[in-house]
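**Student:** This is data-v5.txt (compact mmCIF, C-alpha atoms and all ligand atoms).
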```txt
# COMPACT_ATOMS: atom_id res chain seq x y z
CA MET A 1 87.27 84.66 170.66
CA ARG A 2 89.90 83.95 168.01
CA THR A 3 90.21 80.38 166.71
CA PRO A 4 93.84 79.32 167.00
CA MET A 5 95.63 78.48 163.81
CA VAL A 6 98.69 76.38 163.04
CA ALA A 7 100.15 76.57 159.54
CA GLY A 8 102.93 74.35 158.23
CA ASN A 9 105.31 76.04 155.83
CA TRP A 10 106.95 73.15 154.00
CA LYS A 11 109.38 75.52 152.22
CA LEU A 12 111.35 73.88 149.36
CA ASN A 13 111.01 70.32 150.63
CA GLY A 14 109.44 67.09 149.56
CA SER A 15 108.60 65.07 146.51
CA ARG A 16 105.20 64.27 145.04
CA GLU A 17 105.20 61.14 147.14
CA SER A 18 106.41 62.58 150.43
CA ALA A 19 104.19 65.67 150.16
CA THR A 20 101.04 63.60 149.64
CA SER A 21 102.02 61.17 152.42
CA LEU A 22 102.64 64.01 154.85
CA ALA A 23 99.31 65.63 153.95
CA ARG A 24 97.55 62.29 154.39
CA GLU A 25 99.13 61.74 157.80
CA VAL A 26 98.26 65.25 159.00
CA ALA A 27 94.67 64.95 157.81
CA ALA A 28 94.26 61.53 159.45
CA THR A 29 94.21 63.08 162.92
CA PRO A 30 91.66 65.89 163.12
CA VAL A 31 92.47 68.52 165.77
CA ALA A 32 89.30 70.09 167.09
CA GLY A 33 89.17 73.83 167.69
CA VAL A 34 92.24 74.71 165.58
CA ASP A 35 92.48 75.81 161.96
CA VAL A 36 95.21 73.58 160.56
CA VAL A 37 96.83 74.63 157.28
CA VAL A 38 99.62 73.10 155.19
CA CYS A 39 101.59 75.04 152.58
CA PRO A 40 103.40 72.72 150.16
CA VAL A 41 105.64 73.71 147.26
CA SER A 42 103.42 75.11 144.49
CA VAL A 43 104.00 72.21 142.07
CA HIS A 44 102.64 69.84 144.74
CA THR A 45 99.48 71.89 145.24
CA ALA A 46 97.15 69.86 143.04
CA GLU A 47 98.07 66.48 144.49
CA VAL A 48 98.00 67.70 148.08
CA ALA A 49 94.62 69.33 147.39
CA GLU A 50 93.26 65.96 146.30
CA VAL A 51 94.46 64.34 149.50
CA LEU A 52 92.95 67.08 151.66
CA GLU A 53 89.58 67.15 149.94
CA GLY A 54 86.82 66.44 152.45
CA THR A 55 89.18 66.74 155.44
CA ASP A 56 89.48 69.56 157.99
CA VAL A 57 93.00 70.51 156.90
CA LYS A 58 93.23 73.63 154.74
CA LEU A 59 95.59 74.26 151.89
CA GLY A 60 97.95 77.21 151.55
CA ALA A 61 100.73 78.42 149.28
CA GLN A 62 104.11 79.95 150.04
CA ASN A 63 103.87 83.07 147.87
CA ALA A 64 101.79 84.60 145.10
CA CYS A 65 102.33 87.18 142.39
CA ALA A 66 100.91 90.67 142.69
CA HIS A 67 99.52 90.26 139.18
CA GLU A 68 96.68 88.14 137.86
CA GLY A 69 98.52 87.11 134.74
CA GLY A 70 100.81 88.27 131.97
CA ALA A 71 104.53 88.47 131.37
CA TYR A 72 105.71 87.49 134.87
CA THR A 73 107.93 84.44 134.31
CA GLY A 74 108.19 82.08 137.25
CA GLU A 75 105.28 83.50 139.21
CA VAL A 76 101.94 81.99 140.26
CA SER A 77 98.80 84.07 140.77
CA SER A 78 96.32 83.89 143.64
CA THR A 79 93.49 83.05 141.27
CA MET A 80 95.46 80.09 139.94
CA LEU A 81 96.09 78.89 143.48
CA ALA A 82 92.42 79.35 144.37
CA GLU A 83 91.47 77.08 141.47
CA PHE A 84 93.26 74.26 143.28
CA GLY A 85 91.50 74.91 146.56
CA CYS A 86 94.16 77.07 148.22
CA GLU A 87 92.65 79.27 150.90
CA TYR A 88 95.79 80.81 152.39
CA VAL A 89 98.96 82.34 150.97
CA ILE A 90 102.09 83.17 152.95
CA ILE A 91 103.33 86.61 151.90
CA GLY A 92 106.56 88.34 152.84
CA HIS A 93 108.31 85.40 154.45
CA SER A 94 111.79 86.49 155.52
CA GLU A 95 113.36 84.04 153.07
CA ARG A 96 111.46 85.76 150.25
CA ARG A 97 112.52 89.14 151.56
CA SER A 98 116.20 88.33 152.11
CA LEU A 99 116.89 85.90 149.24
CA PHE A 100 114.47 86.85 146.47
CA GLY A 101 114.07 90.60 146.76
CA ASP A 102 110.45 90.73 147.95
CA ASP A 103 110.61 94.19 149.54
CA ASN A 104 107.99 95.99 151.60
CA GLU A 105 106.28 97.44 148.53
CA SER A 106 106.19 94.18 146.58
CA CYS A 107 104.93 92.30 149.64
CA ALA A 108 102.16 94.86 150.08
CA ALA A 109 101.14 94.44 146.43
CA ARG A 110 101.16 90.65 146.77
CA HIS A 111 99.07 90.87 149.95
CA GLN A 112 96.56 93.06 148.14
CA ALA A 113 96.30 90.57 145.26
CA VAL A 114 95.79 87.63 147.64
CA MET A 115 92.99 89.39 149.52
CA ALA A 116 91.38 90.62 146.27
CA ALA A 117 91.25 87.02 145.04
CA GLY A 118 89.29 86.07 148.18
CA LEU A 119 92.16 84.17 149.79
CA THR A 120 93.69 84.84 153.19
CA SER A 121 97.14 86.35 153.35
CA ILE A 122 99.42 85.13 156.11
CA PHE A 123 101.56 88.25 156.13
CA CYS A 124 104.99 87.77 157.69
CA VAL A 125 106.94 90.37 159.59
CA GLY A 126 110.02 90.19 161.75
CA GLU A 127 113.37 91.69 162.56
CA THR A 128 116.93 90.45 162.09
CA LEU A 129 119.22 89.94 165.05
CA GLU A 130 121.01 93.14 164.10
CA ASP A 131 117.70 95.04 164.19
CA ARG A 132 116.86 93.60 167.59
CA GLU A 133 120.25 94.35 169.08
CA ALA A 134 120.02 97.90 167.79
CA GLY A 135 116.63 98.28 169.49
CA ASN A 136 114.83 98.54 166.15
CA THR A 137 112.45 95.57 166.39
CA MET A 138 109.22 97.56 166.59
CA ALA A 139 110.34 100.10 163.97
CA VAL A 140 111.11 97.31 161.48
CA VAL A 141 107.80 95.56 162.10
CA ASP A 142 105.91 98.86 161.88
CA ALA A 143 107.50 99.67 158.51
CA GLN A 144 106.61 96.22 157.17
CA LEU A 145 102.98 96.70 158.24
CA GLN A 146 102.76 100.36 157.24
CA ALA A 147 103.72 99.49 153.66
CA VAL A 148 100.58 97.33 153.52
CA PHE A 149 98.37 100.04 155.01
CA ASP A 150 99.78 102.50 152.46
CA VAL A 151 98.67 100.26 149.59
CA CYS A 152 95.50 98.68 151.00
CA GLY A 153 94.13 101.28 153.40
CA THR A 154 93.01 101.03 157.01
CA GLN A 155 91.21 97.69 156.51
CA ALA A 156 94.34 96.09 155.06
CA PHE A 157 94.36 93.20 157.51
CA ASP A 158 90.60 92.67 157.79
CA GLY A 159 90.26 88.89 157.40
CA ALA A 160 94.02 88.41 157.07
CA VAL A 161 96.52 86.70 159.36
CA ILE A 162 99.86 88.15 160.49
CA ALA A 163 102.84 85.98 161.36
CA TYR A 164 105.59 87.40 163.54
CA GLU A 165 108.77 85.55 162.65
CA PRO A 166 111.95 86.98 164.13
CA VAL A 167 114.56 86.21 161.48
CA TRP A 168 117.08 85.13 164.11
CA ALA A 169 114.69 82.42 165.33
CA ILE A 170 113.94 80.85 161.94
CA GLY A 171 115.57 77.47 161.47
CA THR A 172 118.12 78.22 164.18
CA GLY A 173 116.68 76.27 167.09
CA VAL A 174 116.64 79.56 169.02
CA THR A 175 113.07 80.53 169.85
CA ALA A 176 111.95 83.94 171.01
CA SER A 177 111.03 83.67 174.66
CA PRO A 178 107.28 83.74 175.31
CA GLU A 179 107.76 87.24 176.80
CA GLN A 180 109.68 88.52 173.76
CA ALA A 181 107.10 87.10 171.38
CA GLN A 182 104.11 88.37 173.37
CA GLU A 183 105.62 91.86 173.52
CA VAL A 184 105.88 92.09 169.73
CA HIS A 185 102.48 90.45 169.16
CA ALA A 186 100.81 92.95 171.49
CA HIS A 187 102.60 95.76 169.67
CA ILE A 188 101.40 94.44 166.28
CA ARG A 189 97.81 94.29 167.53
CA GLU A 190 98.07 97.87 168.82
CA PHE A 191 99.58 99.05 165.54
CA VAL A 192 96.70 97.50 163.60
CA ALA A 193 94.17 98.82 166.15
CA ALA A 194 95.40 102.36 165.51
CA GLN A 195 94.06 101.88 161.95
CA ASP A 196 91.02 99.75 162.71
CA GLN A 197 90.05 98.40 166.11
CA GLN A 198 87.66 95.71 164.91
CA THR A 199 90.25 94.24 162.58
CA ALA A 200 92.79 94.18 165.40
CA ALA A 201 90.44 92.46 167.84
CA LYS A 202 89.77 89.54 165.52
CA LEU A 203 93.22 89.41 163.90
CA ARG A 204 95.09 86.16 164.33
CA ILE A 205 98.77 86.77 164.96
CA LEU A 206 100.91 83.64 164.63
CA TYR A 207 104.40 83.18 166.01
CA GLY A 208 107.02 81.50 163.85
CA GLY A 209 110.63 80.58 164.52
CA SER A 210 111.82 77.21 165.84
CA VAL A 211 108.42 76.26 167.23
CA ASN A 212 108.29 72.58 168.21
CA ALA A 213 106.27 70.21 170.35
CA GLY A 214 108.32 71.17 173.39
CA ASN A 215 107.93 74.95 173.31
CA ALA A 216 104.59 75.44 171.53
CA GLN A 217 102.38 75.40 174.59
CA GLU A 218 104.16 78.13 176.51
CA LEU A 219 104.26 80.34 173.41
CA PHE A 220 100.61 79.79 172.52
CA GLY A 221 99.57 80.43 176.12
CA ASN A 222 100.07 84.18 175.66
CA THR A 223 97.15 86.56 175.12
CA ASP A 224 98.20 87.82 171.70
CA ILE A 225 99.71 84.63 170.28
CA ASP A 226 97.00 82.89 168.28
CA GLY A 227 98.99 79.95 166.99
CA GLY A 228 102.08 79.33 164.91
CA LEU A 229 103.70 79.26 161.51
CA ILE A 230 105.86 76.17 161.58
CA GLY A 231 108.85 75.26 159.41
CA GLY A 232 111.05 72.30 160.34
CA ALA A 233 108.57 70.75 162.77
CA ALA A 234 105.90 70.78 160.05
CA LEU A 235 107.79 68.21 158.00
CA LYS A 236 107.05 65.33 160.36
CA SER A 237 103.39 64.66 160.95
CA ALA A 238 103.82 63.61 164.59
CA ASP A 239 105.73 66.80 165.44
CA PHE A 240 103.31 69.01 163.54
CA LEU A 241 100.26 67.37 165.09
CA ALA A 242 101.79 67.82 168.56
CA VAL A 243 102.12 71.56 167.85
CA CYS A 244 98.49 71.59 166.66
CA GLN A 245 97.45 69.86 169.90
CA ALA A 246 99.30 72.51 171.89
CA ALA A 247 97.22 75.16 170.12
CA ALA A 248 94.06 73.17 170.80
CA ALA A 249 94.88 73.18 174.49
CA GLN A 250 94.64 76.99 174.43
CA ALA A 251 91.38 77.09 172.46
P1 LIG B 1 111.35 76.94 161.59
O1 LIG B 1 110.13 76.48 162.32
O2 LIG B 1 112.06 75.84 160.87
O3 LIG B 1 112.24 77.79 162.44
O4 LIG B 1 110.82 77.89 160.41
C1 LIG B 1 109.92 78.89 160.73
C2 LIG B 1 109.42 79.46 159.47
O5 LIG B 1 110.15 80.09 158.72
C3 LIG B 1 108.01 79.23 159.13
O6 LIG B 1 107.59 80.03 158.09
```
Show this structure as structure tokens.
**Tutor:**
Amino acid sequence: MRTPMVAGNWKLNGSRESATSLAREVAATPVAGVDVVVCPVSVHTAEVAEVLEGTDVKLGAQNACAHEGGAYTGEVSSTMLAEFGCEYVIIGHSERRSLFGDDNESCAARHQAVMAAGLTSIFCVGETLEDREAGNTMAVVDAQLQAVFDVCGTQAFDGAVIAYEPVWAIGTGVTASPEQAQEVHAHIREFVAAQDQQTAAKLRILYGGSVNAGNAQELFGNTDIDGGLIGGAALKSADFLAVCQAAAAQA
């Protein structure tokens, strides 16, 4: 049995004050049976960590460097994040891939560094609308995953989380239908199973892309959808908690 998970990706939003208030509000309502994670902007990590201390809500980050330290201006390492109590790191988000040049190889290296530091990578995959319309969805997702297997070996996703986020559904208000999402999630699980069956069986695969309180339940009701990675709806505690409750209903 896989414990459902709901992670809030706060992206580049918030101030010290709003980030800590949001964390406080989320933590004030425990949701049983769901792993709830929030991923603030890295400069807000320490203050959000303080708010979350002693609560059930876990802390994540939005990216991490492939290197432990050195001449890598602007980066943050997994070990540094771990020092603040981060347990999860989003890797390979489509905004990183499309806007900041995080390609398959660099994402694989970052994933490896996260896992080596003892944190959990939430590794994002997903196709653009162009890919989908050309019938390339599975090929794109496979290539994104294969790059990680090439670097980390067959156990690459042992203890990790994968997030399927179709690029066309992110921040657009257009959600993949439950059938479309389930089809890709099942494919991802099979692709991982071809490398290691045990990893695949326990692997949590989250759906991301315009998830909200209204559509969460029918998405999370599918066999291979183990929760969500939430953007816009994670910025209001009531909306985010409603999505968490929807995951709890499936637990
Ligand atoms: P939205 O929920 O705003 O579509 O964002 C999804 C996302 O990118 C989460 O990582």
**Student:** What lies within 6 Å of segment 57-61 of chain A using all atoms listed in the file, ignoring chain neighbours under 4 positions off, as a list in words?
**Tutor:**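 In the requested format, the answer is Ala27, Val36, Val37, Val38, Cys39, Cys86, Glu87, Tyr88 and Val89 of chain A.
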**Student:** Give me, please, the distance in Å between atom CA of His93 of chain A and atom CA of Thr154 of chain A, quoted to one decimal.
**Tutor:**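 The value is 22.0 Å.
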**Student:** Neighbouring residues of Arg24 of chain A were defined as those with any atom within 7 Å, considering all atoms listed in the file; residues of the same chain fewer than 4 positions away were excluded. Please report them as a JSON list (two decimals) with C-alpha atoms, keeping the file's coordinate frame.
**Tutor:**
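Output saved as selection23.json:
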```
[["chain", "number", "residue", "atom", "x", "y", "z"],
["A", 20, "THR", "CA", 101.04, 63.60, 149.64],
["A", 28, "ALA", "CA", 94.26, 61.53, 159.45],
["A", 51, "VAL", "CA", 94.46, 64.34, 149.50]]
```
**Student:** Quick one: residues within 7 Å of ligand LIG 1 (chain B), with only C-alpha atoms and all ligand atoms, as a VMD selection string?
**Tutor:** chain A and resid 9 93 165 169 to 173 208 to 211 229 to 233
**Student:** Could you work out how far atom CA of Met115 of chain A lies from atom CA of Ala247 of chain A, giving the answer in Å with one decimal?
**Tutor:**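 Atom CA of Met115 of chain A lies at a distance of 25.4 Å from atom CA of Ala247 of chain A.
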**Student:** A:Asp142, A:Asp158, A:Glu83, A:Asp239: which is nearest Ala46 of chain A, counting all atoms listed in the file?
**Tutor:**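 That would be A:Glu83, the residue with the smallest distance to Ala46 of chain A.
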**Student:** Just how far from atom CA of Val34 of chain A is atom CA of Arg16 of chain A, in Å to one decimal?
**Tutor:**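 Computed distance, atom CA of Arg16 of chain A to atom CA of Val34 of chain A, equals 26.4 Å.
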**Student:** Take the point (99.0, 67.0, 145.6) in the file's coordinates, draw a sphere of radius 10 Å around it, and report as a list of chain:residue names every protein, DNA or RNA residue with an atom inside or on it, counting only C-alpha atoms.
**Tutor:**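 With a cut-off of 10 Å, the residues come to A:Ser15, A:Arg16, A:Glu17, A:Ser18, A:Ala19, A:Thr20, A:Ser21, A:Ala23, A:Pro40, A:Val41, A:Ser42, A:Val43, A:His44, A:Thr45, A:Ala46, A:Glu47, A:Val48, A:Ala49, A:Glu50, A:Val51, A:Leu52, A:Phe84.
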**Student:** With all atoms listed in the file as the basis for distance, which of A:Gly227, A:Gly70, A:Gly92, A:Gly85 is at the shortest distance from Cys107 of chain A?
**Tutor:** A:Gly92
**Student:** Might you pull out every residue within 12 Å of Gln198 of chain A, with only C-alpha atoms counted and same-chain residues fewer than 5 positions away left off, and present them as an MDAnalysis selection string?
**Tutor:** chainID A and resid 154:159 189:190 192:193 203
**Student:** Which residues are close to Tyr164 of chain A, i.e. within 12 Å by only C-alpha atoms, leaving aside same-chain residues fewer than 3 positions away? Reply as a PyMOL selection string.
**Tutor:** chain A and resi 90-94+122-128+137-138+140-142+144-145+161+167-170+175-176+180-189+204-209+224-230
**Student:** For Gly214 of chain A, which of A:Val31, A:Ala194, A:Cys244, A:Val151 is the closest residue, counting all atoms listed in the file?
**Tutor:** A:Cys244
**Student:** Between A:Val174, A:Ala143, A:Leu12, A:Ala163, which has the minimum distance to Leu129 of chain A (counting all atoms listed in the file)?
**Tutor:**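 Looking at the shortest contact to Leu129 of chain A, the residue is A:Val174.
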**Student:** Could you name the residues that touch Ala117 of chain A at 7 Å or less, counting only C-alpha atoms, but leaving out those on the same chain fewer than 3 positions away, as a list in words?
**Tutor:**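 Here the qualifying residues turn out to be Ser78, Thr79, Ala113 and Val114 of chain A.
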